[in-house]
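Asks: Okay, so here is final-v7.tsv, and as you'll see once you scroll down, it has TSV, C-alpha atoms.
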chain	number	residue	atom	x	y	z
A	1	MET	CA	-108.57	-165.74	62.32
A	2	LEU	CA	-107.11	-162.43	63.56
A	3	GLY	CA	-110.37	-160.73	62.54
A	4	LYS	CA	-112.37	-163.15	64.69
A	5	ILE	CA	-110.10	-162.52	67.67
A	6	ILE	CA	-110.45	-158.75	67.26
A	7	GLU	CA	-114.25	-159.09	66.97
A	8	TRP	CA	-114.34	-161.29	70.13
A	9	LEU	CA	-112.21	-158.78	72.02
A	10	ARG	CA	-114.35	-155.87	70.81
A	11	LYS	CA	-117.52	-157.63	72.01
A	12	LYS	CA	-115.91	-158.59	75.28
A	13	LEU	CA	-114.54	-155.13	76.04
A	14	PHE	CA	-117.18	-152.83	74.61
A	15	ARG	CA	-120.39	-154.85	74.83
A	16	LYS	CA	-123.38	-152.96	76.18
A	17	ARG	CA	-124.53	-154.64	79.38
A	18	LYS	CA	-128.20	-155.26	79.89
A	19	SER	CA	-129.70	-153.33	82.78
A	20	ILE	CA	-130.08	-155.47	85.88
A	21	ALA	CA	-132.82	-155.24	88.49
A	22	LEU	CA	-130.89	-155.11	91.77
A	23	GLY	CA	-132.98	-155.79	94.87
A	24	LEU	CA	-131.94	-154.72	98.37
A	25	TYR	CA	-133.27	-157.18	100.92
A	26	GLY	CA	-132.94	-157.57	104.64
A	27	ALA	CA	-134.57	-157.28	108.02
A	28	THR	CA	-135.95	-153.96	109.21
A	29	ASN	CA	-133.38	-151.28	110.04
A	30	ALA	CA	-130.55	-153.17	108.33
A	31	GLY	CA	-129.73	-150.03	106.35
A	32	LYS	CA	-131.27	-150.88	102.98
A	33	THR	CA	-132.62	-147.42	102.22
A	34	THR	CA	-129.44	-145.74	103.48
A	35	LEU	CA	-127.39	-147.83	101.05
A	36	ALA	CA	-129.93	-147.42	98.23
A	37	ASN	CA	-129.75	-143.64	98.72
A	38	ARG	CA	-125.94	-143.72	98.69
A	39	ILE	CA	-125.84	-145.76	95.45
A	40	CYS	CA	-128.45	-143.51	93.82
A	41	ILE	CA	-126.72	-140.28	94.92
A	42	ASP	CA	-123.28	-141.58	93.86
A	43	TRP	CA	-124.45	-142.61	90.38
A	44	SER	CA	-127.56	-140.60	89.54
A	45	GLY	CA	-127.33	-137.59	91.85
A	46	GLU	CA	-130.70	-138.15	93.55
A	47	PRO	CA	-131.70	-140.10	96.67
A	48	LEU	CA	-134.34	-142.82	96.60
A	49	GLY	CA	-136.31	-142.69	99.83
A	50	ALA	CA	-136.68	-141.45	103.39
A	51	VAL	CA	-134.60	-142.95	106.22
A	52	SER	CA	-135.80	-143.22	109.80
A	53	VAL	CA	-134.93	-144.89	113.09
A	54	ILE	CA	-138.56	-146.07	113.31
A	55	PRO	CA	-138.81	-149.62	111.96
A	56	HIS	CA	-140.66	-150.21	108.68
A	57	GLU	CA	-140.03	-146.71	107.30
A	58	THR	CA	-139.99	-148.26	103.81
A	59	ARG	CA	-143.39	-149.91	103.38
A	60	LEU	CA	-143.56	-149.92	99.59
A	61	VAL	CA	-140.99	-151.12	97.08
A	62	GLN	CA	-138.99	-148.03	96.05
A	63	LYS	CA	-137.58	-148.05	92.55
A	64	LYS	CA	-134.92	-146.00	90.80
A	65	GLU	CA	-134.22	-146.69	87.14
A	66	HIS	CA	-131.21	-145.78	85.00
A	67	VAL	CA	-128.59	-145.93	87.74
A	68	VAL	CA	-125.29	-146.56	85.95
A	69	ILE	CA	-122.20	-147.58	87.92
A	70	LYS	CA	-119.02	-146.61	86.06
A	71	MET	CA	-115.92	-148.57	86.89
A	72	LYS	CA	-112.27	-147.93	86.15
A	73	GLY	CA	-111.41	-149.07	82.62
A	74	GLY	CA	-114.70	-147.81	81.19
A	75	MET	CA	-116.90	-150.68	82.35
A	76	THR	CA	-120.47	-149.59	83.05
A	77	ILE	CA	-123.24	-151.42	84.92
A	78	PRO	CA	-126.74	-150.09	84.22
A	79	MET	CA	-129.14	-150.96	87.01
A	80	THR	CA	-132.62	-150.48	88.38
A	81	ILE	CA	-132.39	-150.23	92.15
A	82	LEU	CA	-135.27	-151.82	94.07
A	83	ASP	CA	-135.29	-150.91	97.74
A	84	MET	CA	-137.52	-153.52	99.37
A	85	PRO	CA	-139.50	-153.09	102.59
A	86	GLY	CA	-137.82	-154.71	105.58
A	87	ILE	CA	-138.89	-158.26	106.26
A	88	ALA	CA	-140.01	-159.31	109.74
A	89	VAL	CA	-142.02	-162.16	111.26
A	90	LYS	CA	-144.03	-159.97	113.61
A	91	VAL	CA	-145.38	-156.45	113.26
A	92	ASP	CA	-146.64	-154.96	116.49
A	93	TYR	CA	-148.18	-151.48	116.43
A	94	ARG	CA	-146.98	-150.94	120.01
A	95	ASP	CA	-143.39	-150.84	118.70
A	96	PHE	CA	-144.32	-147.72	116.71
A	97	MET	CA	-146.02	-146.12	119.69
A	98	GLU	CA	-142.65	-146.20	121.48
A	99	PHE	CA	-141.51	-143.67	118.85
A	100	GLY	CA	-144.38	-141.30	119.67
A	101	LEU	CA	-147.02	-142.41	117.20
A	102	GLY	CA	-150.64	-142.46	118.35
A	103	GLU	CA	-152.47	-145.80	118.53
A	104	LYS	CA	-154.54	-145.21	115.38
A	105	GLU	CA	-151.52	-144.09	113.36
A	106	ALA	CA	-149.42	-146.96	114.75
A	107	LYS	CA	-152.06	-149.55	113.80
A	108	ALA	CA	-152.29	-148.13	110.28
A	109	ARG	CA	-148.51	-148.26	110.00
A	110	ALA	CA	-148.50	-151.89	111.22
A	111	LYS	CA	-150.96	-152.80	108.49
A	112	GLU	CA	-148.92	-150.99	105.81
A	113	ALA	CA	-145.72	-152.62	107.10
A	114	THR	CA	-147.30	-156.09	106.88
A	115	ARG	CA	-148.43	-155.36	103.35
A	116	GLY	CA	-144.84	-154.25	102.60
A	117	ILE	CA	-143.47	-157.55	103.90
A	118	ILE	CA	-145.82	-159.48	101.61
A	119	GLU	CA	-144.72	-157.29	98.69
A	120	ALA	CA	-141.03	-157.82	99.50
A	121	ILE	CA	-141.45	-161.60	99.68
A	122	LYS	CA	-143.34	-161.69	96.39
A	123	GLY	CA	-140.62	-159.46	94.89
A	124	LEU	CA	-137.99	-162.12	95.57
A	125	ALA	CA	-138.93	-163.61	92.20
A	126	ASP	CA	-138.60	-160.36	90.27
A	127	VAL	CA	-134.95	-159.38	90.65
A	128	ASP	CA	-131.89	-160.30	88.59
A	129	ALA	CA	-129.46	-159.90	91.48
A	130	ALA	CA	-129.68	-159.11	95.18
A	131	LEU	CA	-127.80	-157.35	97.93
A	132	VAL	CA	-128.80	-158.97	101.21
A	133	MET	CA	-128.16	-156.48	103.98
A	134	MET	CA	-127.29	-157.59	107.47
A	135	ASP	CA	-126.54	-155.52	110.54
A	136	ALA	CA	-122.97	-156.54	111.41
A	137	SER	CA	-123.58	-155.70	115.06
A	138	GLU	CA	-126.37	-158.30	115.39
A	139	ASP	CA	-126.66	-162.09	115.18
A	140	PRO	CA	-127.09	-162.87	111.46
A	141	TYR	CA	-128.48	-166.38	111.90
A	142	THR	CA	-132.15	-165.39	111.91
A	143	GLN	CA	-135.27	-166.82	110.32
A	144	VAL	CA	-135.58	-163.69	108.18
A	145	ASN	CA	-132.05	-163.92	106.74
A	146	ILE	CA	-132.31	-167.67	106.18
A	147	THR	CA	-135.66	-167.26	104.40
A	148	ILE	CA	-134.42	-164.44	102.17
A	149	LEU	CA	-131.25	-166.31	101.16
A	150	GLY	CA	-133.06	-169.64	100.74
A	151	ASN	CA	-135.71	-168.12	98.47
A	152	LEU	CA	-133.15	-166.24	96.38
A	153	GLU	CA	-131.05	-169.38	96.05
A	154	ALA	CA	-134.11	-171.42	95.02
A	155	LYS	CA	-134.69	-168.90	92.24
A	156	SER	CA	-130.96	-168.88	91.25
A	157	VAL	CA	-130.63	-165.15	91.96
A	158	PRO	CA	-126.96	-164.17	92.49
A	159	VAL	CA	-126.38	-162.64	95.91
A	160	ILE	CA	-123.82	-160.43	97.63
A	161	LEU	CA	-124.03	-160.23	101.41
A	162	VAL	CA	-123.60	-156.71	102.69
A	163	ALA	CA	-122.41	-156.55	106.29
A	164	ASN	CA	-123.56	-153.06	107.17
A	165	LYS	CA	-122.78	-150.81	110.15
A	166	ILE	CA	-119.10	-151.79	110.36
A	167	ASP	CA	-118.51	-148.36	111.90
A	168	LEU	CA	-120.21	-149.56	115.11
A	169	PRO	CA	-117.85	-150.80	117.85
A	170	THR	CA	-119.96	-153.97	118.29
A	171	ALA	CA	-119.77	-154.90	114.59
A	172	ASN	CA	-118.49	-158.40	113.89
A	173	MET	CA	-118.37	-159.40	110.22
A	174	LEU	CA	-116.92	-162.80	111.11
A	175	ARG	CA	-120.29	-163.95	112.45
A	176	ILE	CA	-121.88	-163.30	109.04
A	177	ARG	CA	-119.00	-164.98	107.23
A	178	GLU	CA	-119.32	-168.05	109.45
A	179	ALA	CA	-123.12	-168.20	109.18
A	180	PHE	CA	-123.24	-167.93	105.38
A	181	PRO	CA	-119.78	-168.85	104.03
A	182	GLN	CA	-121.03	-169.70	100.52
A	183	TYR	CA	-121.78	-166.08	99.53
A	184	PRO	CA	-119.43	-163.23	98.64
A	185	MET	CA	-119.51	-160.65	101.43
A	186	VAL	CA	-118.52	-157.00	101.69
A	187	GLY	CA	-118.42	-155.04	104.94
A	188	ILE	CA	-119.54	-151.44	104.62
A	189	SER	CA	-120.95	-148.51	106.50
A	190	ALA	CA	-123.83	-147.12	104.46
A	191	VAL	CA	-123.95	-144.10	106.78
A	192	THR	CA	-120.28	-143.08	106.51
A	193	GLY	CA	-119.62	-144.54	103.05
A	194	GLU	CA	-116.75	-146.67	104.36
A	195	ASN	CA	-115.79	-149.43	101.91
A	196	VAL	CA	-118.70	-148.71	99.52
A	197	GLU	CA	-116.18	-148.55	96.63
A	198	LYS	CA	-115.32	-152.17	97.38
A	199	LEU	CA	-119.02	-153.03	97.13
A	200	TYR	CA	-119.21	-151.41	93.68
A	201	GLU	CA	-116.18	-153.46	92.58
A	202	THR	CA	-117.85	-156.65	93.86
A	203	ILE	CA	-121.11	-155.80	92.07
A	204	ALA	CA	-119.13	-155.31	88.85
A	205	ALA	CA	-117.32	-158.62	89.33
A	206	LYS	CA	-120.28	-160.77	90.42
A	207	PHE	CA	-123.25	-159.35	88.51
B	1	MET	CA	-174.16	-174.34	110.20
B	2	HIS	CA	-171.25	-176.02	108.38
B	3	THR	CA	-171.12	-175.24	104.68
B	4	CYS	CA	-168.95	-177.32	102.35
B	5	LYS	CA	-166.39	-175.03	100.69
B	6	VAL	CA	-166.48	-177.11	97.50
B	7	CYS	CA	-170.14	-177.96	96.77
B	8	GLY	CA	-171.92	-175.58	99.16
B	9	LYS	CA	-173.98	-178.28	100.89
B	10	GLU	CA	-174.98	-177.32	104.43
B	11	PHE	CA	-174.85	-179.50	107.54
B	12	GLU	CA	-176.15	-178.74	111.00
B	13	LYS	CA	-173.63	-180.98	112.72
B	14	VAL	CA	-169.89	-180.98	112.22
B	15	ARG	CA	-168.57	-183.89	110.12
B	16	GLN	CA	-165.23	-185.09	108.78
B	17	THR	CA	-166.09	-185.08	105.07
B	18	CYS	CA	-168.85	-183.86	102.80
B	19	ASP	CA	-170.74	-186.18	100.45
B	20	CYS	CA	-168.62	-184.70	97.66
B	21	GLY	CA	-165.42	-185.82	99.40
B	22	SER	CA	-164.26	-182.37	100.53
B	23	SER	CA	-163.17	-181.86	104.11
B	24	ALA	CA	-163.19	-178.03	104.02
B	25	PHE	CA	-166.16	-176.37	105.70
B	26	VAL	CA	-167.08	-172.80	106.51
B	27	PHE	CA	-168.75	-172.45	109.90
B	28	THR	CA	-171.43	-169.84	110.42
B	29	LYS	CA	-173.51	-169.29	113.50
B	30	ASN	CA	-177.19	-170.16	113.10
B	31	GLY	CA	-179.22	-167.11	112.19
B	32	ASN	CA	-176.27	-165.24	110.68
B	33	GLY	CA	-176.85	-166.75	107.26
B	34	LYS	CA	-174.13	-167.96	104.98
B	35	LYS	CA	-170.88	-166.07	105.45
B	36	ILE	CA	-167.87	-166.51	103.26
B	37	VAL	CA	-164.81	-165.16	105.02
B	38	ALA	CA	-162.78	-162.81	102.86
B	39	LEU	CA	-160.12	-160.99	104.87
B	40	ASP	CA	-158.00	-158.03	103.91
B	41	LEU	CA	-154.26	-158.72	103.92
B	42	GLU	CA	-154.31	-161.32	106.68
B	43	ASN	CA	-155.32	-164.94	106.09
B	44	ILE	CA	-156.35	-165.69	109.67
B	45	ARG	CA	-157.90	-163.20	112.07
B	46	MET	CA	-158.31	-163.85	115.77
B	47	LEU	CA	-161.57	-162.19	116.83
B	48	GLU	CA	-161.15	-163.07	120.46
B	49	ARG	CA	-159.15	-165.67	122.33
B	50	GLY	CA	-160.04	-169.03	120.76
B	51	VAL	CA	-162.27	-167.60	117.98
B	52	PHE	CA	-160.81	-167.26	114.52
B	53	GLU	CA	-161.91	-166.20	111.05
B	54	ILE	CA	-160.02	-168.04	108.35
B	55	ASP	CA	-159.90	-166.93	104.73
B	56	LEU	CA	-159.52	-170.43	103.31
B	57	LYS	CA	-159.14	-169.31	99.72
B	58	SER	CA	-156.14	-167.14	100.53
B	59	LEU	CA	-154.30	-169.74	102.62
B	60	SER	CA	-152.50	-171.17	99.60
B	61	ARG	CA	-150.59	-167.95	98.95
B	62	ASP	CA	-147.35	-167.01	100.65
B	63	PRO	CA	-146.69	-165.63	103.16
B	64	VAL	CA	-149.46	-166.59	105.59
B	65	VAL	CA	-150.40	-163.66	107.84
B	66	VAL	CA	-152.20	-164.02	111.15
B	67	MET	CA	-153.70	-160.99	112.87
B	68	ASP	CA	-154.41	-161.27	116.58
B	69	GLU	CA	-157.19	-159.59	118.51
B	70	ASN	CA	-155.11	-156.44	119.08
B	71	GLY	CA	-154.26	-155.90	115.44
B	72	VAL	CA	-150.74	-157.30	115.76
B	73	TYR	CA	-149.54	-159.21	112.70
B	74	TYR	CA	-147.56	-162.46	112.57
B	75	VAL	CA	-145.98	-163.44	109.26
B	76	ARG	CA	-145.15	-167.03	108.43
B	77	LEU	CA	-142.33	-166.74	105.93
B	78	PRO	CA	-142.34	-169.13	102.95
B	79	ILE	CA	-140.45	-172.31	103.73
B	80	VAL	CA	-137.52	-173.28	101.57
B	81	LYS	CA	-135.07	-176.10	102.00
B	82	ASN	CA	-132.67	-175.03	104.72
B	83	THR	CA	-129.22	-175.22	103.18
B	84	PHE	CA	-127.43	-173.39	105.97
Mind turning the file's structure into structure tokens?
Replies:
Amino acid sequence: MLGKIIEWLRKKLFRKRKSIALGLYGATNAGKTTLANRICIDWSGEPLGAVSVIPHETRLVQKKEHVVIKMKGGMTIPMTILDMPGIAVKVDYRDFMEFGLGEKEAKARAKEATRGIIEAIKGLADVDAALVMMDASEDPYTQVNITILGNLEAKSVPVILVANKIDLPTANMLRIREAFPQYPMVGISAVTGENVEKLYETIAAKF
Amino acid sequence: MHTCKVCGKEFEKVRQTCDCGSSAFVFTKNGNGKKIVALDLENIRMLERGVFEIDLKSLSRDPVVVMDENGVYYVRLPIVKNTF
């Protein structure tokens, strides 16, 4: 009997966790790549992708394998980080021209961005767990957020809401909490790193 | 010319259903010959106001993408039961 208990404890404490595919979803400019870079730098030493103020900077799924989060007490969480293109319901090349792009370049970017949205939506079926990023300074009750969460829920993918940009004076995490009360939520600033440790703890607890 | 998408039968005048029972037709202007619309990433393309090309075969896949005459894209996100 004692042997069985020791074996159970050994498996429970020292079991090797299977690597999880963690997808970062959200609208454009929610801070997905900034957070993906922070996670990758913190736990593998290398960033994942380029960050820009121009919408749809990430137009292809960016992937980083063998990212291992190490928690206090020796617990490790091996992950593959999948930084998804931002999802939007309209892509207008004129939005890119406002950032100085020429018409031809802007139209090509609009096409790539639309392709990225399709890829991100199809990728909703291919992740084991998801961080759904929302800009805490904006209204969270949008068609994009509802669609992302609804599709993930339909596929039984566990979700953590990440209320990003809490360093902004207009940030209001309560709006996200009230809009989607059924999900665990962590407020962070991917830019400053504020509260990211708490996010790692939540990932360890929920995934 | 209205060509049945299922059996390929051609009709000069528009009709509700084909003899095979299908109600999906591809319209081509007379003289242009048969034209099957196969678009790139969009499913529906607006050529000019009120004139559309529709890639019928691709319409079943999500998301549906409409491109307007300026090259601006509209994405219809896949519908799920709204639980919020």
Asks: Using all atoms listed in the file, which residues of chain B come within 6 Å of chain A, and what is the closest atom pair for each, with the distance in Å to one decimal? Give it as CSV, sorted by chain and residue number.
Replies:
residue,atom,partner,partner_atom,distance
B:Val72,CA,A:Asp92,CA,4.8
B:Tyr73,CA,A:Val91,CA,5.0
B:Tyr74,CA,A:Lys90,CA,4.4
B:Val75,CA,A:Val89,CA,4.6
B:Val80,CA,A:Gly150,CA,5.8
Asks: Just give me the gap between CA of Val196 (chain A) and CA of Gly74 (chain A) in Å, one decimal is fine.
Replies: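 According to the coordinates, CA of Val196 (chain A) and CA of Gly74 (chain A) are separated by 18.8 Å.
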Asks: Record the distance separating CA of Gly193 (chain A) and CA of Val157 (chain A), expressed in Å with one decimal.
Replies: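 Taking CA of Gly193 (chain A) as the start and CA of Val157 (chain A) as the end point, the length is 25.9 Å.
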Asks: For a test of reading the model, state the distance in Å between CA of Ile54 (chain A) and CA of Phe96 (chain A), rounded to one decimal.
Replies: 6.9 Å
Asks: Can you tell me, as a PyMOL selection string, what residues are no more than 8 Å from Asp167 (chain A) when counting all atoms listed in the file, ignoring any on the same chain fewer than 4 positions away?
Replies: chain A and resi 171+188-189+192+194
Asks: So for region 66-81 of chain B, what box centre and size do we get, axis-aligned, 6 Å extra on each of the six sides, every listed atom, Å to one decimal, as AutoDock Vina command-line options?
Replies:
--center_x -146.1 --center_y -166.0 --center_z 110.3 --size_x 34.1 --size_y 32.2 --size_z 29.5
Asks: Find the residues near Asp135 (chain A): any atom within 7 Å, counting all atoms listed in the file, skip ones fewer than 4 places away on the same chain, and give them as an mmCIF file with C-alpha atoms, keeping the file's coordinate frame.
Replies:
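Now in result00.cif:
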data_model
loop_
_atom_site.group_PDB
_atom_site.id
_atom_site.type_symbol
_atom_site.label_atom_id
_atom_site.label_comp_id
_atom_site.auth_asym_id
_atom_site.auth_seq_id
_atom_site.Cartn_x
_atom_site.Cartn_y
_atom_site.Cartn_z
ATOM 1 C CA ALA A 30 -130.550 -153.170 108.330
ATOM 2 C CA ALA A 163 -122.410 -156.550 106.290
ATOM 3 C CA ASN A 164 -123.560 -153.060 107.170
ATOM 4 C CA LYS A 165 -122.780 -150.810 110.150
#
Asks: Under the rule that only C-alpha atoms are counted, which of B:Leu39, B:Met1, B:Val26, B:Glu12 is the nearest residue to Asp55 (chain B)?
Replies: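 Closest residue, counting only C-alpha atoms: B:Leu39.
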Asks: Got a sec: who's within 12 Å of Thr28 (chain B), counting all atoms listed in the file, leaving out chain neighbours fewer than 6 positions off, as JSON, numbers by chain?
Replies: {"B": [1, 2, 3, 4, 10, 11, 12, 13, 14, 34, 35, 36, 37, 52, 53, 54]}
Asks: In file coordinates, which residues lie within 9 Å of (-119.9, -162.5, 116.4) using all atoms listed in the file, given as JSON, numbers by chain?
Replies: {"A": [136, 137, 138, 139, 140, 170, 171, 172, 173, 174, 175, 176, 178]}
Asks: Mind listing as an mmCIF file with C-alpha atoms, keeping the file's coordinate frame all residues within 8 Å of (-135.9, -145.6, 95.0), counting all atoms listed in the file?
Replies:
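The result, stored in result.cif:
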data_model
loop_
_atom_site.group_PDB
_atom_site.id
_atom_site.type_symbol
_atom_site.label_atom_id
_atom_site.label_comp_id
_atom_site.auth_asym_id
_atom_site.auth_seq_id
_atom_site.Cartn_x
_atom_site.Cartn_y
_atom_site.Cartn_z
ATOM 1 C CA ALA A 36 -129.930 -147.420 98.230
ATOM 2 C CA ASN A 37 -129.750 -143.640 98.720
ATOM 3 C CA CYS A 40 -128.450 -143.510 93.820
ATOM 4 C CA PRO A 47 -131.700 -140.100 96.670
ATOM 5 C CA LEU A 48 -134.340 -142.820 96.600
ATOM 6 C CA GLY A 49 -136.310 -142.690 99.830
ATOM 7 C CA VAL A 61 -140.990 -151.120 97.080
ATOM 8 C CA GLN A 62 -138.990 -148.030 96.050
ATOM 9 C CA LYS A 63 -137.580 -148.050 92.550
ATOM 10 C CA LYS A 64 -134.920 -146.000 90.800
ATOM 11 C CA ILE A 81 -132.390 -150.230 92.150
ATOM 12 C CA LEU A 82 -135.270 -151.820 94.070
ATOM 13 C CA ASP A 83 -135.290 -150.910 97.740
#
Asks: Could you pull the residues within 8 Å of Ala50 (chain A), counting all atoms listed in the file, minus those fewer than 3 positions along the same chain, as JSON, numbers by chain?
Replies: {"A": [33, 57, 58]}
Asks: Pick out the closest residue to Gly8 (chain B) from this set: B:Val64, B:Leu56, B:Leu77, B:Cys20. Count all atoms listed in the file.
Replies: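 Between B:Val64, B:Leu56, B:Leu77, B:Cys20, the residue approaching Gly8 (chain B) most closely is B:Cys20.
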